[in-house]
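Input: a single structure, listed below in structure tokens.
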Amino acid sequence: MLLQVEQVGVACHTGARSCFYRSVDLGDDSLNYRREVIHEVYRSILDRKENPKDGSYTNYLFDEGVDKILKKIGEESSEIIIGAKNDDHENIAMETADLVYHILVLLAEKNMPIERVKEVLTERMKEK
Ligand SMILES: N=c1c2ncn([C@@H]3O[C@H](COP(=O)(O)OP(=O)(O)OP(=O)(O)O)[C@@H](O)[C@H]3O)c2ncn1[C@@H]1O[C@H](COP(=O)(O)O)[C@@H](O)[C@H]1O
């Protein structure tokens with residue numbers, strides 16, 4: 001006998017419609033990126049702030065100050081817009097990486113933990 005049911009409301013104790021809403025880390029070696037790369041980059045930035053290093057671009061930004069960091073965020077945002085208008089996907093990826101990096105430098109400059117941003121994004125999720 002086959003029963004077809006129509007779900008009403010949530011099924012998971014977390015309040016989600018289904019229990020199957022989280023991705024599982026299967027240790028997939030075929031990925032050509034590091035899952036925690038944004039955290040790792042943020043940690044490198046914090047480390048540069050604590051332990052300045054000769055030739056570090058991050059330290060150059062900290063030394064120049066917040067206005068320089070904000071200027072770079074403006075520049076990188078504009079470059080994403082140009083990449084998108086040209087439908088240049090590789091360029092969009094490069095400029096987005098630049099923007100994310102400069103935003104992380106701004107968070108570090110303002111002594112803001114990246115976790116605060118994650119909290120805001122989590123609060124905004126419809127299904128937690
Ligand atoms: N993810 C990045 C990263 N992304 C972009 N950039 C730098 O951001 C700059 C953006 O390029 P632009 O052409 O816009 O700027 P520019 O002409 O070099 O410099 P400006 O005079 O315009 O500021 C380049 O110099 C890139 O090297 C980065 N520099 C550092 N990181 C990370 O920060 C870590 C520490 O790096 P250092 O501080 O350099 O040791 C590294 O291991 C990386 O993980």
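Scheme for the structure tokens: letters A, B, ... for chains in order shown; per-chain residue numbers from 1; ligand numbers from 1 in order shown.
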Inset, instruction - Can you tell me which residues come within 12 Å of ligand 1 when counting only C-alpha atoms and all ligand atoms, ideally as a PyMOL selection string? - result: chain A and resi 34+36-65+67-80+93-105+108
Inset, instruction - Any chance you could list, as a VMD selection string, the residues in range 24-86 of chain A that come up helix (DSSP H, G or I) when DSSP is run on the backbone? - result: chain A and resid 37 to 50 57 to 64 66 to 85
Inset, instruction - May I ask for the distance between CA of Val8 in chain A and CA of Lys126 in chain A, given in Å to one decimal place? - result: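 About the pair CA of Val8 in chain A and CA of Lys126 in chain A: they are 16.5 Å apart.
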Legend entry - Straight-line distance linking CA of Arg124 in chain A with CA of Ala11 in chain A, stated in Å to one decimal: 20.3 Å
